[in-house]
Amino acid sequence: MTSMTRRGWMTVAVMALLAILPPVFYLTGNPFYLDLATRLSILGIAAVSLNLILGYGGLVSFGHAAFVGLGAYAVGIPAHHWLYGGMDFLATTSGLVQIPLAVAVCALFALVTGAVCLRTKGVYFIMITMAFAQMIYYLIVSIEEYGGDDGLVIDTRSELPFVNLDNPLQLFGFSYVALLVAMGLVRMITRSRFGMVLKGAKGNEERMVTLGFNVYAYRLTAYVISGAMCGFAGALLGNFTTFISPEMMDWSRSGELMFMVILGGAATTLGPILGSIAFIVVEEILSSFTIYWHLPFGLMLMAVVLYARGGLVGLLRGRGEDAE
Amino acid sequence: MSAVLEISGLNKSFGGIKATDDLNLSVETGELHAVIGPNGAGKTTLISQLTGMQKPDSGRIRFKGRDITGMAPYARAHLGIARSFQITSLILEMSVLDNIALALQAREGHSFRFIRPAHSLTHLRSEALALLDRVGLADKAEQPTVALSHGEHRHMEIAIALGAQAELMLLDEPMAGLGIEESAQMVELLRDIKGKHSILLIEHDMDAVFALADRISVLVYGHIIATGTPDEIRGNEAVQHAYLGEE
Amino acid sequence: MDLSLLIIQALNGVQLGLLLFLVASGLTLVFGILDFVNLAHGSLYMLGAFLCASLTFVFGNFVLAVLVALPLTGVIGFLVERFVARPLYARDHLDHVLGTFGLILVLDTLAHLIWGPAGIAVPLPEWLQGQVALSETLVIPSFRLVIIGAGLSAAAGLFWLVNYTRLGMLIRAGASNRTMVSALGIDIQTLFALVFALGAMLAGLAGMLIAPITEASIGMGNNIIITAFVVIIVGGIGSMKGAFIGALLIGLIDTLGRSFLDDLFKVFMSSDAAETSAPAVSAMLIYIIMALVLSLRPQGLFPPRTR
């Protein structure tokens with residue numbers, strides 16, 4: 001147990017490469033790759049947060065993009081009011097306000113919607129998480145002040161002590177460290193007693209209830225943690241793209257996040273990262289060839305579902321190592 | 001002796017069929033009370049109502065004098081009711097030890113503990129290992145549950161029920177699907193437990209029931225037609241007519 | 001708020017409700033009988049609209065185009081069942097969702113390749129372009145009445161099919177007892193394929209009926225599918241009756257909410273506040289209704305007996 005498994009070493013290797021390569025590319029005159037790595041780190045956080053409930057908890061949430069969007073708007077809306085007036089209590093460019101706001105709003109949204117969603121099971125849960133995400137989508141579309149359909153430009157990034165998010169290298173560093181923290185948190189949670197309950201409920205809910213676990217309360221807690229973490233990713237994404245729109249929370253975005261988790265290998269520490277890398281790299285390559293890149297992409301996704309269960313981690317995994 | 005479990009006037013119907021029909025039953029502290037009955041007599045429906053998975057249409061269930069009829073399933077477990085499942089109900093993808101450790105963890109109160117790895121908690125691990133030893137599975141502790149045989153799963157069910165340190169154990173057909181030798185092992189295990197916990201045993205295996213039970217109740221079409229010591233039940237004409245006579 | 005506007009909006013609500021029913025009935029049929037979650041159901045709705053648009057230009061006749069496009073969408077549904085759904089039946093719902101999510105990307109991009117990025121307007125024959133005057137202030141486009149009529153006939157046909165035919169009996173038996181149907185010696189694979197094709201045709205029909213109003217466009221299916229989900233969640237997944245009542249309920253609430261919520265809000269708040277908050281609330285209205293229904297009845301209004 002104390003010695004590192006093969007997969008443990010792989011995690012260290014992948015994360016080390018992700019830390020070293022992009023800055024090297026940037027400093028040698030290829031800023032594009034740094035941007036790619038920043039986006040990857042941010043979406044990685046979102047995928048890691050989804051993995052907590054989807055991979056370990058077995059809760060198929062199809063609405064995770066709503067948290068990304070809410071987190072981004074929690075940065076964009078205060079910045080918008082800071083520039084253009086109105087809603088003085090909200091107007092700020094301070095990241096120390098915006099980012100906690102993003103986390104809090106998403107935790108609250110997760111608490112309220114999760115309380116309803118988790119009363120249901122199976123396919124109901126999938127559809128309801130999807131519907132609630134769509135609700136937020138239409139809500140943002142309906143608010144003209146924040147650009148409605150057209151979205152909102154964030155003119156000033158969040159201001160943080162010690163870190164300047166306008167500097168691409170620092171933005172990457174910040175996102176990367178945040179990703180490491182997110183991975184560490186989820187790893188810690190899933191190995192704790194709380195995590196054992198979450199995983200146990202995925203395996204056999206009736207057994208867990210009979211043992212005396214209030215499964216609903218544990219799942220709701222995990223859902224809130226996951227939503228809050230994803231909101232943090234959203235706040236970073238808003239800072240990265242500096243343009244936010246309801247499209248960020250379209251349900252196809254939620255589907256992509258799910259694919260990152262499944263593609264990489266659900267319920268593993270590295271899986272969501274591998275999935276995000278594969279997803280973003282393939283997307284970049286295909287879209288450079290043709291505007292119709294969704295066609296081969298969709299076919300690939302279908303092929304993965306039909307033929308490659310267990311994800312990339314499963315393919316790369318050494319024998320005898322089971323899911324943690 | 002006082003009753004740990006009292007069931008009075010319990011009724012439950014599905015559509016037009018009465019699965020539980022004015023059922024009265026009590027389990028005294030420390031006794032092993034067996035419920036027997038032909039297939040479809042409503043044994044599993046009874047267990048489901050006791051654990052709270054199904055709600056009775058009418059009637060009362062009292063545990064240590066407290067009315068638990070409408071209580072949530074997980075809350076009943078906290079009061080001290082443990083259950084084993086007729087169809088093995090384990091967390092197959094977890095290790096054998098983890099399955100038992102979860103039962104012990106449930107006893108600790110809440111598990112909103114996020115920081116220390118569950119595997120590093122030696123008090124849970126060692127007690128779980130001791131329980132596995134008691135049911136003869138200590139050498140399989142680290143194996144994935146899915147790799148064990150049906151008989152071993154049945155023993156795990158008992159270890160989990162024991163781990164809950166429940167005052168009342170509801171054992172739903174622990175012998176189901178076991179071979180002769182495995183059944184004999186299970187009878188030995190239950191004999192060992194007997195007296196230390198109050199047990200409501202639902203079982204098909206007549207030999208096991210008559211060997212183990214302090215009292216036996218006979219359930220036919222959702223109704224208890226007789227309750228008594230094994231000897232009384234053997235001599236009861238109504239029982240012979242309704243049930244034993246078939247054999 | 002005047003009465004004729006209310007009547008017109010109510011009719012629009014019924015129209016939306018019936019279109020939703022056409023989409024939702026296929027979803028609920030496929031889920032209830034095949035236990036399969038088809039996210040790409042909305043793409044079949046879109047393909048129906050595009051096929052109808054192209055065929056209208058080929059034949060110069062909308063009605064004929066619908067009659068030809070219907071079996072075509074059925075064939076597409078049949079193919080989707082054979083090559084995507086069937087290999088996934090034995091898997092869990094997560095795989096259904098992921099697999100059909102990939103299928104959406106494929107079908108949407110194919111539509112993009114074939115019909116181009118812009119939407120296609122579908123011209124109506126002249127006899128459908130007129131308006132029906134119910135009173136001096138109450139004028140309704142006749143095509144909207146056609147949609148309502150077609151939607152109601154399809155609903156009636158579906159009820160007849162499910163409740164009074166041999167196929168319907170098999171469908172109902174299949175929903176409650178798969179092994180029994182197999183034991184009767186009925187080819188369950190063919191039955192499943194037929195059900196899937198039927199669902200595709202219903203969704204396609206909805207797309208064809210809406211195309212002359214909104215035009216056929218890429219992504220049109222991805223908007224309606226979520227609303228259709230809300231419908232079957234509210235109605236109870238797998239229940240045809242639930243889908244019908246849920247669809248009308250959601251159609252009416254959505255349409256009336258968008259038209260009259262600001263008037264309603266003005267009763268108890270300033271007109272400024274009403275005008276800013278009403279669009280936001282009406283955008284969320286059907287989801288709030290869904291949440292309310294679920295908190296009271298987690299299985300929906302009409303949970304099917306066998307599930």
# chains A, B, ... in the order shown; residues from 1 in each chain; ligands from 1

call {"tool": "residues_around", "arguments": {"residues": "Ser84 in chain B", "least_positions_apart": "2", "cutoff": "6 Å", "atoms": "only C-alpha atoms", "output": "ChimeraX atom specification"}}
result
/B:157,171-172

call {"tool": "select_by_dssp", "arguments": {"residues": "range 7-182 of chain C", "states": "helix (DSSP H, G or I)", "output": "VMD selection string"}}
result
chain C and resid 7 to 34 41 to 59 62 to 88 93 to 115 126 to 128 142 to 164 166 to 176 178 to 182

call {"tool": "atom_distance", "arguments": {"atom1": "CA of Gly246 in chain C", "atom2": "CA of Leu70 in chain A"}}
result
29.1 Å

call {"tool": "interface_residues", "arguments": {"of": "chain B", "to": "chain A", "cutoff": "8 Å", "atoms": "only C-alpha atoms", "output": "PDB file with C-alpha atoms, in the first residue's frame"}}
result
ATOM      1  CA  THR B  51     -36.438  -2.505   7.976  1.00  0.00           C
ATOM      2  CA  PRO B  73     -34.698   2.766   7.133  1.00  0.00           C
ATOM      3  CA  TYR B  74     -31.300   4.258   7.991  1.00  0.00           C
ATOM      4  CA  ALA B  75     -32.626   5.590  11.304  1.00  0.00           C
ATOM      5  CA  ARG B  76     -33.799   2.103  12.348  1.00  0.00           C
ATOM      6  CA  ALA B  77     -30.277   0.842  11.860  1.00  0.00           C
ATOM      7  CA  HIS B  78     -29.047   3.482  14.286  1.00  0.00           C
ATOM      8  CA  ALA B  82     -29.368  -5.108  11.551  1.00  0.00           C
ATOM      9  CA  ARG B  83     -30.412  -7.121   8.568  1.00  0.00           C
ATOM     10  CA  SER B  89     -26.490  -7.803  -1.015  1.00  0.00           C
ATOM     11  CA  LEU B  90     -22.870  -6.793  -0.752  1.00  0.00           C
ATOM     12  CA  ILE B  91     -20.778  -4.127  -2.393  1.00  0.00           C
ATOM     13  CA  LEU B  92     -19.196  -6.403  -4.931  1.00  0.00           C
ATOM     14  CA  GLU B  93     -16.548  -4.026  -6.253  1.00  0.00           C
ATOM     15  CA  MET B  94     -15.116  -3.369  -2.799  1.00  0.00           C
ATOM     16  CA  LEU B 102     -18.318  -0.034   6.376  1.00  0.00           C
ATOM     17  CA  ALA B 103     -20.667  -1.829   8.745  1.00  0.00           C
ATOM     18  CA  GLN B 105     -18.140   2.694  10.324  1.00  0.00           C
ATOM     19  CA  ALA B 106     -21.938   2.932  10.303  1.00  0.00           C
ATOM     20  CA  ARG B 107     -21.907   2.293  14.042  1.00  0.00           C
ATOM     21  CA  HIS B 110     -22.086   9.973  11.077  1.00  0.00           C
ATOM     22  CA  SER B 111     -19.399   9.544   8.436  1.00  0.00           C
ATOM     23  CA  PHE B 112     -19.028  13.158   7.380  1.00  0.00           C
ATOM     24  CA  ARG B 113     -15.300  12.722   7.887  1.00  0.00           C
ATOM     25  CA  PHE B 114     -13.357  13.803   4.880  1.00  0.00           C
ATOM     26  CA  ILE B 115      -9.700  13.857   5.777  1.00  0.00           C
ATOM     27  CA  ARG B 116      -8.153  10.678   7.117  1.00  0.00           C
ATOM     28  CA  PRO B 117      -8.033   7.771   4.688  1.00  0.00           C
ATOM     29  CA  ALA B 118     -10.482   5.081   5.769  1.00  0.00           C
ATOM     30  CA  HIS B 119      -7.827   2.427   5.226  1.00  0.00           C
ATOM     31  CA  ALA B 164     -23.445  -3.649  13.473  1.00  0.00           C
TER      32      ALA B 164
END

call {"tool": "residues_around", "arguments": {"residues": "range 96-107 of chain C", "least_positions_apart": "4", "cutoff": "9 Å", "atoms": "only C-alpha atoms", "output": "PyMOL selection string"}}
result
(chain A and resi 126+252+255+258-259+294-306) or (chain C and resi 36-44+47+80+84-85+88-89+91-92+111-112+222)

call {"tool": "residues_around", "arguments": {"residues": "Arg297 in chain C", "least_positions_apart": "4", "cutoff": "10 Å", "atoms": "only C-alpha atoms", "output": "list in words"}}
result
Arg119 and Thr120 of chain A; Val234, Gly236, Ala291, Leu292, Val293, Leu301, Phe302 and Pro303 of chain C

call {"tool": "residues_around", "arguments": {"residues": "Ile143 in chain A", "least_positions_apart": "5", "cutoff": "8 Å", "atoms": "only C-alpha atoms", "output": "PDB file with C-alpha atoms, in the first residue's frame"}}
result
ATOM      1  CA  GLY A 148     -28.506  37.567 -23.235  1.00  0.00           C
TER       2      GLY A 148
ATOM      3  CA  PRO C 279     -38.820  37.281 -18.665  1.00  0.00           C
ATOM      4  CA  ALA C 280     -36.362  35.646 -16.268  1.00  0.00           C
TER       5      ALA C 280
END

call {"tool": "decode", "arguments": {"residues": "range 180-295 of chain C", "atoms": "C-alpha atoms", "output": "PDB file, in the first residue's frame"}}
result
ATOM      1  CA  MET C 180     -43.081 -13.276 -21.444  1.00  0.00           C
ATOM      2  CA  VAL C 181     -43.104 -11.660 -24.858  1.00  0.00           C
ATOM      3  CA  SER C 182     -40.050 -13.652 -25.839  1.00  0.00           C
ATOM      4  CA  ALA C 183     -41.666 -16.799 -24.472  1.00  0.00           C
ATOM      5  CA  LEU C 184     -44.697 -16.200 -26.684  1.00  0.00           C
ATOM      6  CA  GLY C 185     -42.347 -16.695 -29.602  1.00  0.00           C
ATOM      7  CA  ILE C 186     -42.500 -13.107 -30.725  1.00  0.00           C
ATOM      8  CA  ASP C 187     -39.390 -11.692 -32.276  1.00  0.00           C
ATOM      9  CA  ILE C 188     -38.637  -9.072 -29.683  1.00  0.00           C
ATOM     10  CA  GLN C 189     -35.857  -7.546 -31.764  1.00  0.00           C
ATOM     11  CA  THR C 190     -38.259  -6.755 -34.564  1.00  0.00           C
ATOM     12  CA  LEU C 191     -40.751  -5.411 -32.067  1.00  0.00           C
ATOM     13  CA  PHE C 192     -38.105  -3.140 -30.594  1.00  0.00           C
ATOM     14  CA  ALA C 193     -37.017  -1.916 -34.017  1.00  0.00           C
ATOM     15  CA  LEU C 194     -40.630  -1.146 -34.930  1.00  0.00           C
ATOM     16  CA  VAL C 195     -41.150   0.781 -31.715  1.00  0.00           C
ATOM     17  CA  PHE C 196     -37.982   2.742 -32.326  1.00  0.00           C
ATOM     18  CA  ALA C 197     -39.014   3.542 -35.903  1.00  0.00           C
ATOM     19  CA  LEU C 198     -42.460   4.587 -34.689  1.00  0.00           C
ATOM     20  CA  GLY C 199     -40.868   6.951 -32.175  1.00  0.00           C
ATOM     21  CA  ALA C 200     -38.650   8.385 -34.910  1.00  0.00           C
ATOM     22  CA  MET C 201     -41.666   8.971 -37.160  1.00  0.00           C
ATOM     23  CA  LEU C 202     -43.536  10.772 -34.395  1.00  0.00           C
ATOM     24  CA  ALA C 203     -40.556  13.045 -33.698  1.00  0.00           C
ATOM     25  CA  GLY C 204     -40.057  13.539 -37.440  1.00  0.00           C
ATOM     26  CA  LEU C 205     -43.713  14.490 -37.856  1.00  0.00           C
ATOM     27  CA  ALA C 206     -43.332  17.142 -35.175  1.00  0.00           C
ATOM     28  CA  GLY C 207     -40.315  18.532 -37.033  1.00  0.00           C
ATOM     29  CA  MET C 208     -42.244  18.584 -40.323  1.00  0.00           C
ATOM     30  CA  LEU C 209     -45.177  20.395 -38.758  1.00  0.00           C
ATOM     31  CA  ILE C 210     -43.042  23.067 -37.132  1.00  0.00           C
ATOM     32  CA  ALA C 211     -40.749  23.619 -40.146  1.00  0.00           C
ATOM     33  CA  PRO C 212     -43.125  25.938 -42.067  1.00  0.00           C
ATOM     34  CA  ILE C 213     -43.356  28.161 -38.982  1.00  0.00           C
ATOM     35  CA  THR C 214     -39.777  28.249 -37.704  1.00  0.00           C
ATOM     36  CA  GLU C 215     -37.857  26.785 -40.685  1.00  0.00           C
ATOM     37  CA  ALA C 216     -35.669  23.699 -40.519  1.00  0.00           C
ATOM     38  CA  SER C 217     -32.385  24.418 -38.754  1.00  0.00           C
ATOM     39  CA  ILE C 218     -29.456  22.626 -37.190  1.00  0.00           C
ATOM     40  CA  GLY C 219     -29.707  22.280 -33.452  1.00  0.00           C
ATOM     41  CA  MET C 220     -33.498  22.702 -33.457  1.00  0.00           C
ATOM     42  CA  GLY C 221     -33.749  19.224 -31.981  1.00  0.00           C
ATOM     43  CA  ASN C 222     -31.384  19.951 -29.147  1.00  0.00           C
ATOM     44  CA  ASN C 223     -33.664  22.653 -27.783  1.00  0.00           C
ATOM     45  CA  ILE C 224     -36.863  20.676 -27.893  1.00  0.00           C
ATOM     46  CA  ILE C 225     -35.384  17.483 -26.475  1.00  0.00           C
ATOM     47  CA  ILE C 226     -34.835  18.991 -23.026  1.00  0.00           C
ATOM     48  CA  THR C 227     -38.378  20.346 -22.955  1.00  0.00           C
ATOM     49  CA  ALA C 228     -39.558  16.892 -23.990  1.00  0.00           C
ATOM     50  CA  PHE C 229     -37.568  15.487 -21.075  1.00  0.00           C
ATOM     51  CA  VAL C 230     -39.313  17.899 -18.747  1.00  0.00           C
ATOM     52  CA  VAL C 231     -42.620  16.677 -20.189  1.00  0.00           C
ATOM     53  CA  ILE C 232     -41.963  13.020 -19.535  1.00  0.00           C
ATOM     54  CA  ILE C 233     -40.442  13.683 -16.127  1.00  0.00           C
ATOM     55  CA  VAL C 234     -43.574  15.583 -15.139  1.00  0.00           C
ATOM     56  CA  GLY C 235     -45.860  13.011 -16.757  1.00  0.00           C
ATOM     57  CA  GLY C 236     -44.003   9.950 -15.515  1.00  0.00           C
ATOM     58  CA  ILE C 237     -41.405   8.255 -17.687  1.00  0.00           C
ATOM     59  CA  GLY C 238     -42.908   5.432 -19.720  1.00  0.00           C
ATOM     60  CA  SER C 239     -46.497   6.601 -19.425  1.00  0.00           C
ATOM     61  CA  MET C 240     -48.293   7.590 -22.629  1.00  0.00           C
ATOM     62  CA  LYS C 241     -51.096   9.287 -20.730  1.00  0.00           C
ATOM     63  CA  GLY C 242     -48.488  11.148 -18.662  1.00  0.00           C
ATOM     64  CA  ALA C 243     -46.720  12.294 -21.808  1.00  0.00           C
ATOM     65  CA  PHE C 244     -49.973  13.655 -23.244  1.00  0.00           C
ATOM     66  CA  ILE C 245     -51.106  15.521 -20.157  1.00  0.00           C
ATOM     67  CA  GLY C 246     -47.567  16.621 -19.314  1.00  0.00           C
ATOM     68  CA  ALA C 247     -47.050  17.951 -22.847  1.00  0.00           C
ATOM     69  CA  LEU C 248     -50.232  20.020 -22.835  1.00  0.00           C
ATOM     70  CA  LEU C 249     -49.467  21.276 -19.348  1.00  0.00           C
ATOM     71  CA  ILE C 250     -45.918  22.312 -20.217  1.00  0.00           C
ATOM     72  CA  GLY C 251     -46.976  23.769 -23.587  1.00  0.00           C
ATOM     73  CA  LEU C 252     -49.682  25.902 -22.011  1.00  0.00           C
ATOM     74  CA  ILE C 253     -47.640  26.997 -19.010  1.00  0.00           C
ATOM     75  CA  ASP C 254     -44.671  27.964 -21.147  1.00  0.00           C
ATOM     76  CA  THR C 255     -46.693  29.901 -23.720  1.00  0.00           C
ATOM     77  CA  LEU C 256     -49.013  31.613 -21.291  1.00  0.00           C
ATOM     78  CA  GLY C 257     -46.142  32.348 -18.915  1.00  0.00           C
ATOM     79  CA  ARG C 258     -44.198  34.128 -21.602  1.00  0.00           C
ATOM     80  CA  SER C 259     -47.233  36.200 -22.626  1.00  0.00           C
ATOM     81  CA  PHE C 260     -48.928  37.031 -19.394  1.00  0.00           C
ATOM     82  CA  LEU C 261     -46.468  36.675 -16.535  1.00  0.00           C
ATOM     83  CA  ASP C 262     -45.536  40.368 -16.655  1.00  0.00           C
ATOM     84  CA  ASP C 263     -49.211  41.339 -16.408  1.00  0.00           C
ATOM     85  CA  LEU C 264     -49.601  38.997 -13.504  1.00  0.00           C
ATOM     86  CA  PHE C 265     -46.512  40.358 -11.765  1.00  0.00           C
ATOM     87  CA  LYS C 266     -47.746  43.922 -12.175  1.00  0.00           C
ATOM     88  CA  VAL C 267     -50.613  43.082  -9.856  1.00  0.00           C
ATOM     89  CA  PHE C 268     -48.272  42.869  -6.885  1.00  0.00           C
ATOM     90  CA  MET C 269     -45.098  44.731  -7.897  1.00  0.00           C
ATOM     91  CA  SER C 270     -44.074  47.889  -9.702  1.00  0.00           C
ATOM     92  CA  SER C 271     -44.336  47.701 -13.462  1.00  0.00           C
ATOM     93  CA  ASP C 272     -40.587  48.231 -13.815  1.00  0.00           C
ATOM     94  CA  ALA C 273     -39.796  45.352 -11.536  1.00  0.00           C
ATOM     95  CA  ALA C 274     -42.385  43.224 -13.293  1.00  0.00           C
ATOM     96  CA  GLU C 275     -40.925  43.908 -16.702  1.00  0.00           C
ATOM     97  CA  THR C 276     -37.405  42.990 -15.651  1.00  0.00           C
ATOM     98  CA  SER C 277     -38.262  39.924 -13.609  1.00  0.00           C
ATOM     99  CA  ALA C 278     -41.035  38.427 -15.745  1.00  0.00           C
ATOM    100  CA  PRO C 279     -38.820  37.281 -18.665  1.00  0.00           C
ATOM    101  CA  ALA C 280     -36.362  35.646 -16.268  1.00  0.00           C
ATOM    102  CA  VAL C 281     -39.077  33.865 -14.332  1.00  0.00           C
ATOM    103  CA  SER C 282     -40.986  32.792 -17.430  1.00  0.00           C
ATOM    104  CA  ALA C 283     -37.767  31.362 -18.859  1.00  0.00           C
ATOM    105  CA  MET C 284     -37.477  29.193 -15.766  1.00  0.00           C
ATOM    106  CA  LEU C 285     -41.180  28.523 -15.268  1.00  0.00           C
ATOM    107  CA  ILE C 286     -41.462  25.010 -16.674  1.00  0.00           C
ATOM    108  CA  TYR C 287     -38.375  23.897 -14.764  1.00  0.00           C
ATOM    109  CA  ILE C 288     -39.800  25.292 -11.550  1.00  0.00           C
ATOM    110  CA  ILE C 289     -43.028  23.406 -12.256  1.00  0.00           C
ATOM    111  CA  MET C 290     -40.964  20.278 -12.863  1.00  0.00           C
ATOM    112  CA  ALA C 291     -39.149  20.717  -9.560  1.00  0.00           C
ATOM    113  CA  LEU C 292     -42.460  21.209  -7.757  1.00  0.00           C
ATOM    114  CA  VAL C 293     -44.011  18.115  -9.295  1.00  0.00           C
ATOM    115  CA  LEU C 294     -40.936  16.080  -8.414  1.00  0.00           C
ATOM    116  CA  SER C 295     -40.814  17.208  -4.816  1.00  0.00           C
TER     117      SER C 295
END
